[in-house]
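Visitor: Right, I'll just put the structure down here and ask away after.
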Number of protein chains: 2
Amino acid sequence: MSEKAKPCIICVAITGSVPKKADNPAVPITISEQVESTQEAFEAGASIAHCHVRNDDESPTSDPEKFARLKEGLEKHCPGMIVQFSTGGRSGAGQARGGMLPLRPDMASLTVGSNNFPTRVYENPPDLVDWLAAEMRAHEVKPEIEAFDLSHIFQAVAMNKDGRIPGQLYVQFVMGVKNAMPVDREVFDFYVHTVRRLAPDAEWCAAGIGRHQITLNEWCIAEGGHCRT
Amino acid sequence: MSEKAKPCIICVAITGSVPKKADNPAVPITISEQVESTQEAFEAGASIAHCHVRNDDESPTSDPEKFARLKEGLEKHCPGMIVQFSTGGRSGAGQARGGMLPLRPDMASLTVGSNNFPTRVYENPPDLVDWLAAEMRAHEVKPEIEAFDLSHIFQAVAMNKDGRIPGQLYVQFVMGVKNAMPVDREVFDFYVHTVRRLAPDAEWCAAGIGRHQITLNEWCIAEGGHCRT
Ligand SMILES: [Zn+2]
Ligand SMILES: [Zn+2]
Ligand SMILES: [Zn+2]
Ligand SMILES: [Zn+2]
């Protein structure tokens with residue numbers, strides 16, 4: 001099957017870690033709201049659910065109890081959907097970010113380097129990255145590499161080669177975050193080229209913030225990557 | 001004058017922040033050792049001295065008093081040499097990294113994003129980057145942008161466009177640091193292409209760790225960049 005004829009995996013991120021009801025009343029916050037929204041996306045054809053969970057005050061959390069309830073709801077209402085938990089740093093610090101991995105979701109996000117965010121450093125120190133990767137191996141969770149910058153692709157490939165990230169790499173390019181990598185077509189093309197050069201069997205997709213997602217989806221479809229909504 | 005016919009600026013980093021006498025007895029540690037080594041490089045043709053200073057126990061420091069003595073020695077023994085101070089994070093934390101900028105060196109290093117180092121996060125939070133850039137403007141110090149990853153080039157260009165980094169950009173690509181960007185020819189070429197695309201009048205050079213420096217110098221000379229020893 002040619003690269004372009006591959007079925008496009010559609011990945012849905014129902015709730016990020018930042019927007020609140022005050023920004024957008026449609027943002028699903030409670031577990032039941034999240035399950036309901038994901039079910040709509042699942043029925044519309046989405047195959048991966050990228051999941052964040054929130055506290056009652058809408059602040060992001062890594063609480064394994066909340067992740068467990070979300071996973072249970074998704075398994076019941078979206079049978080066969082790939083459940084991906086976020087281990088992102090907005091929701092917790094240090095090893096708390098991986099406390100839900102023993103729940104054995106199908107996938108979990110993994111950032112393998114550090115970079116700036118709009119107002120702070122997104123800290124992913126090497127020992128934490130290695131610990132998260134080890135937890136994912138122990139619980140058979142497939143990582144989705146969140147590549148916020150070019151070196152993160154190299155780091156993922158290095159970790160793949162030495163066994164820290166076993167199997168086929170799945171890389172998501174994250175673009176459009178202020179103070180990190182902007183949305184730039186030449187960079188996107190170089191990301192794709194670099195993944196193909198260093199890890200020819202890797203799968204990849206791209207995530208943009210807000211209005212950028214549509215642009216990135218068009219680029220992904222054109223180049224044979226997956227989509228995210 | 002064509003790109004390739006430009007005189008090559010040779011930048012010398014006499015003392016980094018990491019190696020100690022135990023690793024290499026030739027590493028100049030005291031201010032007088034540093035001045036002496038730099039003078040040799042100056043007489044051999046180097047035009048920029050990239051400067052770190054050390055405590056008596058050889059640990060790196062940002063002590064303005066030590067930087068003042070080094071600057072005085074270099075002005076006396078290497079007249080006309082461009083003095084560049086490091087504001088790197090191995091030598092101090094937070095605003096202490098810029099405490100020597102009122103000494104008005106010709107240049108100072110400026111990292112505009114964060115990334116991983118071999119065992120930790122190299123933290124350059126946005127507010128610290130903006131403060132260092134403001135100090136450099138206030139004291140008329142020209143920044144050398146240390147680009148440890150691709151997004152740092154974009155960030156430098158954005159800061160150049162909005163006035164935080166005035167004038168012609170001077171970018172140094174740093175490659176070969178473990179857990180950051182490796183030494184890779186395609187990435188090097190894409191860095192050069194990106195600088196030329198986004199900031200056509202910028203000057204650039206590349207720094208590698210240890211044995212990588214010779215490779216990078218060859219690439220720099222071939223592409224019209226400056227050299228570092
Ligand atoms: Zn995806
Ligand atoms: Zn996420
Ligand atoms: Zn230089
Ligand atoms: Zn340095």
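Chains: A, B, ... in order of the structure tokens. Residues: from 1 per chain. Ligands: from 1, in order shown.
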Near stretch 152-159 of chain B, counting only C-alpha atoms, which residues have an atom at most 8 Å away, once you skip same-chain residues fewer than 3 positions from it, shown as a list in words?

Guide: Asn179, Ala180, Met181 and Pro182 of chain A; Thr111, Val112, Gly113, Ile145, Glu146, Ala147, Phe148, Asp149, Asp162, Gly163, Arg164, Ile165, Leu169, Val171, Tyr191, Thr194, Val195, Leu198 and Ala199 of chain B

Visitor: For the residues in the current selection, export N, CA, C and O atoms as a PDB file, in the first residue's frame.

Guide:
```
ATOM      1  N   ASN A 179       6.929  30.547  22.278  1.00  0.00           N
ATOM      2  CA  ASN A 179       8.285  30.344  22.813  1.00  0.00           C
ATOM      3  C   ASN A 179       8.844  28.943  22.521  1.00  0.00           C
ATOM      4  O   ASN A 179       9.953  28.634  22.949  1.00  0.00           O
ATOM      5  N   ALA A 180       8.068  28.105  21.829  1.00  0.00           N
ATOM      6  CA  ALA A 180       8.607  26.816  21.362  1.00  0.00           C
ATOM      7  C   ALA A 180       8.616  26.889  19.832  1.00  0.00           C
ATOM      8  O   ALA A 180       8.906  27.946  19.271  1.00  0.00           O
ATOM      9  N   MET A 181       8.315  25.801  19.139  1.00  0.00           N
ATOM     10  CA  MET A 181       8.395  25.820  17.674  1.00  0.00           C
ATOM     11  C   MET A 181       7.132  26.408  17.041  1.00  0.00           C
ATOM     12  O   MET A 181       6.034  25.930  17.324  1.00  0.00           O
ATOM     13  N   PRO A 182       7.272  27.409  16.200  1.00  0.00           N
ATOM     14  CA  PRO A 182       6.087  27.932  15.509  1.00  0.00           C
ATOM     15  C   PRO A 182       5.609  26.979  14.408  1.00  0.00           C
ATOM     16  O   PRO A 182       6.268  25.984  14.092  1.00  0.00           O
TER      17      PRO A 182
ATOM     18  N   THR B 111      21.179  32.362  25.538  1.00  0.00           N
ATOM     19  CA  THR B 111      20.370  31.219  25.104  1.00  0.00           C
ATOM     20  C   THR B 111      18.919  31.620  25.249  1.00  0.00           C
ATOM     21  O   THR B 111      18.505  32.087  26.303  1.00  0.00           O
ATOM     22  N   VAL B 112      18.137  31.459  24.180  1.00  0.00           N
ATOM     23  CA  VAL B 112      16.783  32.001  24.146  1.00  0.00           C
ATOM     24  C   VAL B 112      15.697  30.942  24.318  1.00  0.00           C
ATOM     25  O   VAL B 112      14.510  31.245  24.198  1.00  0.00           O
ATOM     26  N   GLY B 113      16.098  29.722  24.595  1.00  0.00           N
ATOM     27  CA  GLY B 113      15.134  28.652  24.839  1.00  0.00           C
ATOM     28  C   GLY B 113      15.736  27.665  25.828  1.00  0.00           C
ATOM     29  O   GLY B 113      16.871  27.846  26.285  1.00  0.00           O
ATOM     30  N   ILE B 145      23.727  34.436  20.053  1.00  0.00           N
ATOM     31  CA  ILE B 145      22.646  33.495  20.357  1.00  0.00           C
ATOM     32  C   ILE B 145      23.205  32.085  20.343  1.00  0.00           C
ATOM     33  O   ILE B 145      23.804  31.666  19.352  1.00  0.00           O
ATOM     34  N   GLU B 146      23.008  31.351  21.432  1.00  0.00           N
ATOM     35  CA  GLU B 146      23.452  29.956  21.477  1.00  0.00           C
ATOM     36  C   GLU B 146      22.241  29.102  21.108  1.00  0.00           C
ATOM     37  O   GLU B 146      21.314  28.960  21.898  1.00  0.00           O
ATOM     38  N   ALA B 147      22.228  28.588  19.887  1.00  0.00           N
ATOM     39  CA  ALA B 147      21.084  27.793  19.429  1.00  0.00           C
ATOM     40  C   ALA B 147      21.356  26.317  19.675  1.00  0.00           C
ATOM     41  O   ALA B 147      22.105  25.687  18.933  1.00  0.00           O
ATOM     42  N   PHE B 148      20.753  25.789  20.731  1.00  0.00           N
ATOM     43  CA  PHE B 148      20.907  24.365  21.057  1.00  0.00           C
ATOM     44  C   PHE B 148      19.880  23.516  20.323  1.00  0.00           C
ATOM     45  O   PHE B 148      19.925  22.291  20.383  1.00  0.00           O
ATOM     46  N   ASP B 149      18.908  24.185  19.694  1.00  0.00           N
ATOM     47  CA  ASP B 149      17.869  23.437  18.972  1.00  0.00           C
ATOM     48  C   ASP B 149      17.275  24.386  17.934  1.00  0.00           C
ATOM     49  O   ASP B 149      17.507  25.607  17.965  1.00  0.00           O
ATOM     50  N   ASP B 162      11.070  42.090  17.033  1.00  0.00           N
ATOM     51  CA  ASP B 162      10.317  42.967  17.945  1.00  0.00           C
ATOM     52  C   ASP B 162      11.228  43.856  18.778  1.00  0.00           C
ATOM     53  O   ASP B 162      10.769  44.536  19.690  1.00  0.00           O
ATOM     54  N   GLY B 163      12.522  43.853  18.477  1.00  0.00           N
ATOM     55  CA  GLY B 163      13.437  44.811  19.113  1.00  0.00           C
ATOM     56  C   GLY B 163      14.108  44.328  20.386  1.00  0.00           C
ATOM     57  O   GLY B 163      14.956  45.027  20.940  1.00  0.00           O
ATOM     58  N   ARG B 164      13.754  43.134  20.869  1.00  0.00           N
ATOM     59  CA  ARG B 164      14.408  42.673  22.101  1.00  0.00           C
ATOM     60  C   ARG B 164      15.887  42.374  21.870  1.00  0.00           C
ATOM     61  O   ARG B 164      16.707  42.480  22.770  1.00  0.00           O
ATOM     62  N   ILE B 165      16.201  41.957  20.634  1.00  0.00           N
ATOM     63  CA  ILE B 165      17.607  41.787  20.240  1.00  0.00           C
ATOM     64  C   ILE B 165      17.823  42.700  19.033  1.00  0.00           C
ATOM     65  O   ILE B 165      17.528  42.313  17.896  1.00  0.00           O
ATOM     66  N   LEU B 169      21.750  39.881  13.795  1.00  0.00           N
ATOM     67  CA  LEU B 169      21.843  38.689  14.656  1.00  0.00           C
ATOM     68  C   LEU B 169      23.182  37.988  14.477  1.00  0.00           C
ATOM     69  O   LEU B 169      23.719  37.919  13.371  1.00  0.00           O
ATOM     70  N   VAL B 171      24.439  34.233  15.467  1.00  0.00           N
ATOM     71  CA  VAL B 171      23.917  32.966  15.988  1.00  0.00           C
ATOM     72  C   VAL B 171      25.010  31.905  16.006  1.00  0.00           C
ATOM     73  O   VAL B 171      25.744  31.751  15.030  1.00  0.00           O
ATOM     74  N   TYR B 191      19.897  24.377   9.579  1.00  0.00           N
ATOM     75  CA  TYR B 191      20.134  25.552  10.431  1.00  0.00           C
ATOM     76  C   TYR B 191      20.601  26.730   9.559  1.00  0.00           C
ATOM     77  O   TYR B 191      20.085  27.849   9.676  1.00  0.00           O
ATOM     78  N   THR B 194      17.854  27.977   7.394  1.00  0.00           N
ATOM     79  CA  THR B 194      16.820  28.674   8.174  1.00  0.00           C
ATOM     80  C   THR B 194      17.277  30.078   8.558  1.00  0.00           C
ATOM     81  O   THR B 194      16.511  31.045   8.461  1.00  0.00           O
ATOM     82  N   VAL B 195      18.529  30.198   8.977  1.00  0.00           N
ATOM     83  CA  VAL B 195      19.066  31.530   9.303  1.00  0.00           C
ATOM     84  C   VAL B 195      19.018  32.417   8.058  1.00  0.00           C
ATOM     85  O   VAL B 195      18.575  33.567   8.120  1.00  0.00           O
ATOM     86  N   LEU B 198      15.312  33.394   7.315  1.00  0.00           N
ATOM     87  CA  LEU B 198      14.592  34.249   8.267  1.00  0.00           C
ATOM     88  C   LEU B 198      15.344  35.526   8.610  1.00  0.00           C
ATOM     89  O   LEU B 198      14.738  36.514   9.013  1.00  0.00           O
ATOM     90  N   ALA B 199      16.668  35.494   8.506  1.00  0.00           N
ATOM     91  CA  ALA B 199      17.487  36.657   8.883  1.00  0.00           C
ATOM     92  C   ALA B 199      18.686  36.710   7.943  1.00  0.00           C
ATOM     93  O   ALA B 199      19.801  36.357   8.315  1.00  0.00           O
TER      94      ALA B 199
END
```

Visitor: Please identify every polymer residue within 9 Å of ligand 2, using only C-alpha atoms and all ligand atoms, and present the set as a compact mmCIF listing (two decimals) with N, CA, C and O atoms, in the first residue's frame.

Guide:
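Written output follows (part21.txt):
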```
# COMPACT_ATOMS: atom_id res chain seq x y z
N ALA A 13 -8.31 15.07 20.79
CA ALA A 13 -7.95 15.56 22.12
C ALA A 13 -9.15 16.37 22.62
O ALA A 13 -9.30 17.53 22.30
N THR A 15 -10.16 17.28 25.68
CA THR A 15 -9.87 18.29 26.69
C THR A 15 -8.37 18.45 26.77
O THR A 15 -7.68 17.49 27.07
N GLY A 16 -7.86 19.62 26.49
CA GLY A 16 -6.43 19.85 26.70
C GLY A 16 -6.20 20.09 28.18
O GLY A 16 -7.05 19.76 29.01
N SER A 17 -5.07 20.69 28.52
CA SER A 17 -4.82 20.97 29.93
C SER A 17 -5.08 22.43 30.25
O SER A 17 -5.08 22.82 31.41
N HIS A 50 -6.81 11.22 23.02
CA HIS A 50 -5.71 11.76 23.82
C HIS A 50 -6.32 12.42 25.05
O HIS A 50 -7.10 13.37 24.93
N CYS A 51 -6.01 11.90 26.23
CA CYS A 51 -6.77 12.27 27.43
C CYS A 51 -5.99 13.04 28.49
O CYS A 51 -4.93 12.61 28.94
N HIS A 52 -6.58 14.15 28.88
CA HIS A 52 -6.18 14.87 30.09
C HIS A 52 -7.33 14.76 31.08
O HIS A 52 -8.47 14.60 30.65
N PHE A 85 -3.18 8.38 27.45
CA PHE A 85 -3.14 9.31 28.59
C PHE A 85 -2.01 10.32 28.39
O PHE A 85 -0.93 9.97 27.90
N SER A 86 -2.25 11.54 28.83
CA SER A 86 -1.18 12.54 28.81
C SER A 86 -0.31 12.40 30.05
O SER A 86 -0.82 12.29 31.17
N THR A 87 1.01 12.42 29.86
CA THR A 87 1.93 12.52 31.00
C THR A 87 2.57 13.91 31.00
O THR A 87 3.65 14.12 31.53
N GLY A 88 1.87 14.86 30.37
CA GLY A 88 2.42 16.21 30.21
C GLY A 88 2.63 16.93 31.52
O GLY A 88 2.00 16.62 32.54
N SER A 109 1.41 9.87 26.23
CA SER A 109 2.33 10.83 25.64
C SER A 109 3.65 10.81 26.40
O SER A 109 3.69 10.52 27.60
N GLU A 146 6.05 13.36 21.98
CA GLU A 146 5.63 14.74 21.69
C GLU A 146 6.89 15.52 21.34
O GLU A 146 7.70 15.82 22.21
```

Visitor: Output as a list in words all residues of stretch 2-160 of chain B that backbone DSSP marks as strand (DSSP E).

Guide: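 Answer for stretch 2-160 of chain B, restricted to strand (DSSP E): Ile10, Cys11, Val12, Ile48, Ala49, His50, Cys51, Val53, Arg54, Pro60, Thr61, Ile82, Val83, Gln84, Phe85, Met107, Ala108, Ser109, Leu110, Asn115, Asn116, Val121, Tyr122, Lys142, Pro143, Glu144, Ile145, Glu146 and Ala147 of chain B.
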
Visitor: Considering only C-alpha atoms, return as a count of residues only whatever protein or nucleic-acid residues lie within 12 Å of A:Glu203, sequence-local ones (same chain, fewer than 3 positions apart) excluded.

Guide: 27

Visitor: Could you list, as an MDAnalysis selection string, every residue within 10 Å of B:Ala138, counting only C-alpha atoms and ignoring same-chain residues fewer than 4 positions away?

Guide: chainID B and resid 101:102 104 132:134
